[in-house]
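Visitor: The file below is upload_10.cif, mmCIF, C-alpha atoms:
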data_entry
#
loop_
_atom_site.group_PDB
_atom_site.id
_atom_site.type_symbol
_atom_site.label_atom_id
_atom_site.label_comp_id
_atom_site.auth_asym_id
_atom_site.auth_seq_id
_atom_site.Cartn_x
_atom_site.Cartn_y
_atom_site.Cartn_z
ATOM 1 C CA MET B 1 -13.878 74.214 -38.907
ATOM 2 C CA SER B 2 -15.827 73.323 -42.022
ATOM 3 C CA GLN B 3 -19.582 73.063 -42.194
ATOM 4 C CA ASP B 4 -19.455 69.259 -42.672
ATOM 5 C CA THR B 5 -17.336 68.823 -39.546
ATOM 6 C CA ALA B 6 -19.675 70.993 -37.475
ATOM 7 C CA ARG B 7 -22.705 69.093 -38.730
ATOM 8 C CA SER B 8 -21.189 65.663 -38.034
ATOM 9 C CA SER B 9 -20.065 66.795 -34.587
ATOM 10 C CA THR B 10 -23.592 67.989 -33.784
ATOM 11 C CA GLN B 11 -25.072 64.772 -35.146
ATOM 12 C CA GLU B 12 -22.660 62.656 -33.064
ATOM 13 C CA GLY B 13 -23.680 64.517 -29.914
ATOM 14 C CA SER B 14 -27.353 64.032 -30.739
ATOM 15 C CA ASP B 15 -26.850 60.324 -31.509
ATOM 16 C CA ARG B 16 -24.927 59.889 -28.277
ATOM 17 C CA ARG B 17 -27.712 61.529 -26.260
ATOM 18 C CA VAL B 18 -30.293 59.244 -27.886
ATOM 19 C CA TRP B 19 -28.260 56.139 -26.994
ATOM 20 C CA VAL B 20 -27.678 57.352 -23.433
ATOM 21 C CA PHE B 21 -31.415 57.997 -23.058
ATOM 22 C CA PHE B 22 -32.174 54.539 -24.491
ATOM 23 C CA ARG B 23 -29.736 52.773 -22.139
ATOM 24 C CA VAL B 24 -30.995 54.640 -19.066
ATOM 25 C CA THR B 25 -34.623 53.960 -20.001
ATOM 26 C CA LEU B 26 -33.899 50.284 -20.629
ATOM 27 C CA THR B 27 -32.106 49.957 -17.290
ATOM 28 C CA VAL B 28 -34.945 51.645 -15.402
ATOM 29 C CA VAL B 29 -37.600 49.509 -17.118
ATOM 30 C CA VAL B 30 -35.690 46.278 -16.411
ATOM 31 C CA ASN B 31 -35.192 47.233 -12.760
ATOM 32 C CA VAL B 32 -38.892 48.095 -12.369
ATOM 33 C CA VAL B 33 -39.852 44.734 -13.923
ATOM 34 C CA PHE B 34 -37.593 42.890 -11.476
ATOM 35 C CA LEU B 35 -39.029 44.872 -8.556
ATOM 36 C CA ILE B 36 -42.587 44.032 -9.629
ATOM 37 C CA TRP B 37 -41.591 40.364 -10.064
ATOM 38 C CA LEU B 38 -40.106 40.312 -6.556
ATOM 39 C CA ILE B 39 -43.155 41.970 -4.957
ATOM 40 C CA ALA B 40 -45.597 39.748 -6.871
ATOM 41 C CA GLY B 41 -43.672 36.621 -5.861
ATOM 42 C CA ALA B 42 -43.690 37.627 -2.196
ATOM 43 C CA PHE B 43 -47.403 38.424 -2.393
ATOM 44 C CA MET B 44 -48.240 35.117 -4.084
ATOM 45 C CA ARG B 45 -46.198 33.184 -1.538
ATOM 46 C CA SER B 46 -48.121 34.845 1.297
ATOM 47 C CA MET B 47 -51.439 34.029 -0.391
ATOM 48 C CA ARG B 48 -50.912 30.269 -0.321
ATOM 49 C CA GLY B 49 -53.591 28.715 1.827
ATOM 50 C CA CYS B 50 -51.833 25.919 3.693
ATOM 51 C CA GLY B 51 -53.235 26.895 7.102
ATOM 52 C CA SER B 52 -56.302 24.648 6.892
ATOM 53 C CA LEU B 53 -54.272 21.503 6.143
ATOM 54 C CA PHE B 54 -52.758 19.098 8.655
ATOM 55 C CA GLY B 55 -49.923 16.587 8.806
ATOM 56 C CA SER B 56 -48.237 15.467 5.617
ATOM 57 C CA ASP B 57 -50.694 17.432 3.457
ATOM 58 C CA LYS B 58 -49.605 20.662 5.147
ATOM 59 C CA ALA B 59 -45.903 19.789 4.756
ATOM 60 C CA LEU B 60 -46.457 18.976 1.076
ATOM 61 C CA CYS B 61 -48.342 22.239 0.532
ATOM 62 C CA GLU B 62 -45.632 24.303 2.249
ATOM 63 C CA SER B 63 -42.797 22.629 0.354
ATOM 64 C CA ALA B 64 -44.491 22.906 -3.053
ATOM 65 C CA ASN B 65 -42.864 25.322 -5.456
ATOM 66 C CA GLY B 66 -45.205 28.308 -5.410
ATOM 67 C CA GLY B 67 -43.260 30.258 -7.992
ATOM 68 C CA THR B 68 -39.790 31.634 -8.223
ATOM 69 C CA SER B 69 -38.176 32.280 -4.871
ATOM 70 C CA ALA B 70 -37.071 35.753 -3.864
ATOM 71 C CA GLY B 71 -33.428 34.640 -3.848
ATOM 72 C CA THR B 72 -33.643 33.523 -7.466
ATOM 73 C CA VAL B 73 -35.268 36.798 -8.544
ATOM 74 C CA ILE B 74 -32.577 38.804 -6.734
ATOM 75 C CA LEU B 75 -29.851 36.653 -8.309
ATOM 76 C CA TRP B 76 -31.228 37.261 -11.804
ATOM 77 C CA TRP B 77 -31.618 40.961 -11.002
ATOM 78 C CA LEU B 78 -27.975 41.263 -9.957
ATOM 79 C CA LEU B 79 -26.833 39.263 -12.984
ATOM 80 C CA VAL B 80 -28.712 41.488 -15.459
ATOM 81 C CA ASP B 81 -27.515 44.668 -13.739
ATOM 82 C CA ALA B 82 -23.937 43.342 -13.850
ATOM 83 C CA ILE B 83 -24.300 42.786 -17.606
ATOM 84 C CA PHE B 84 -25.583 46.359 -18.002
ATOM 85 C CA LEU B 85 -22.612 47.622 -15.977
ATOM 86 C CA VAL B 86 -20.077 45.728 -18.103
ATOM 87 C CA VAL B 87 -21.653 47.009 -21.330
ATOM 88 C CA TRP B 88 -21.599 50.568 -19.972
ATOM 89 C CA LEU B 89 -17.939 50.285 -18.917
ATOM 90 C CA VAL B 90 -16.904 48.867 -22.290
ATOM 91 C CA LYS B 91 -18.815 51.552 -24.212
ATOM 92 C CA ARG B 92 -17.367 54.281 -21.991
ATOM 93 C CA ARG B 93 -13.814 53.031 -22.472
ATOM 94 C CA ARG B 94 -14.288 52.712 -26.230
ATOM 95 C CA ALA B 95 -15.636 56.282 -26.441
ATOM 96 C CA ARG B 96 -12.766 57.595 -24.350
ATOM 97 C CA LEU B 97 -10.190 55.846 -26.562
ATOM 98 C CA ALA B 98 -11.853 57.113 -29.731
ATOM 99 C CA ALA B 99 -11.957 60.741 -28.544
ATOM 100 C CA PRO B 100 -9.063 62.868 -29.735
ATOM 101 C CA SER B 101 -6.743 64.025 -26.980
ATOM 102 C CA ALA B 102 -6.688 67.746 -26.169
ATOM 103 C CA GLU B 103 -2.983 68.429 -26.382
#
For the structure just supplied, provide its representation as structure tokens.
Guide:
Amino acid sequence: MSQDTARSSTQEGSDRRVWVFFRVTLTVVVNVVFLIWLIAGAFMRSMRGCGSLFGSDKALCESANGGTSAGTVILWWLLVDAIFLVVWLVKRRRARLAAPSAE
């Protein structure tokens, strides 16, 4: 094994670790942001003060859009995580196909 091959192999491993760290960090940060968004939305919905109103005013207050619903946040969360999963599967398959077979 020549010195250039050993160096490029070491550099590839280091580059791969950096990208894995980046993808994991990005996934964790995105999931934490969605969790905070979900908790904040639930908190804001509970803070609406419609209890002192009566009749049609109370119905209007309760039906008003007080932010993004929890279902919408969860839908976006699942959609983004599905995109991350597809990217990970494609990258993994591409790396496996590019790796030389050990025969």
Visitor: Choose the residue, out of B:Leu26, B:Val18, B:Val90, B:Val33, that has the smallest atom-to-atom separation from B:Trp77; count only C-alpha atoms.
Guide: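 Closest to B:Trp77 of all the choices is B:Val33.
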Visitor: Please compute the atom CA of B:Ala98-atom CA of B:Gly13 distance, one decimal, in Å.
Guide: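 Between atom CA of B:Ala98 and atom CA of B:Gly13 the gap works out to 14.0 Å.
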Visitor: Apply the PyMOL selection byres ((chain B and resi 30) around 12) to the structure shown and report the selected residues as a count of residues only.
Guide: 22
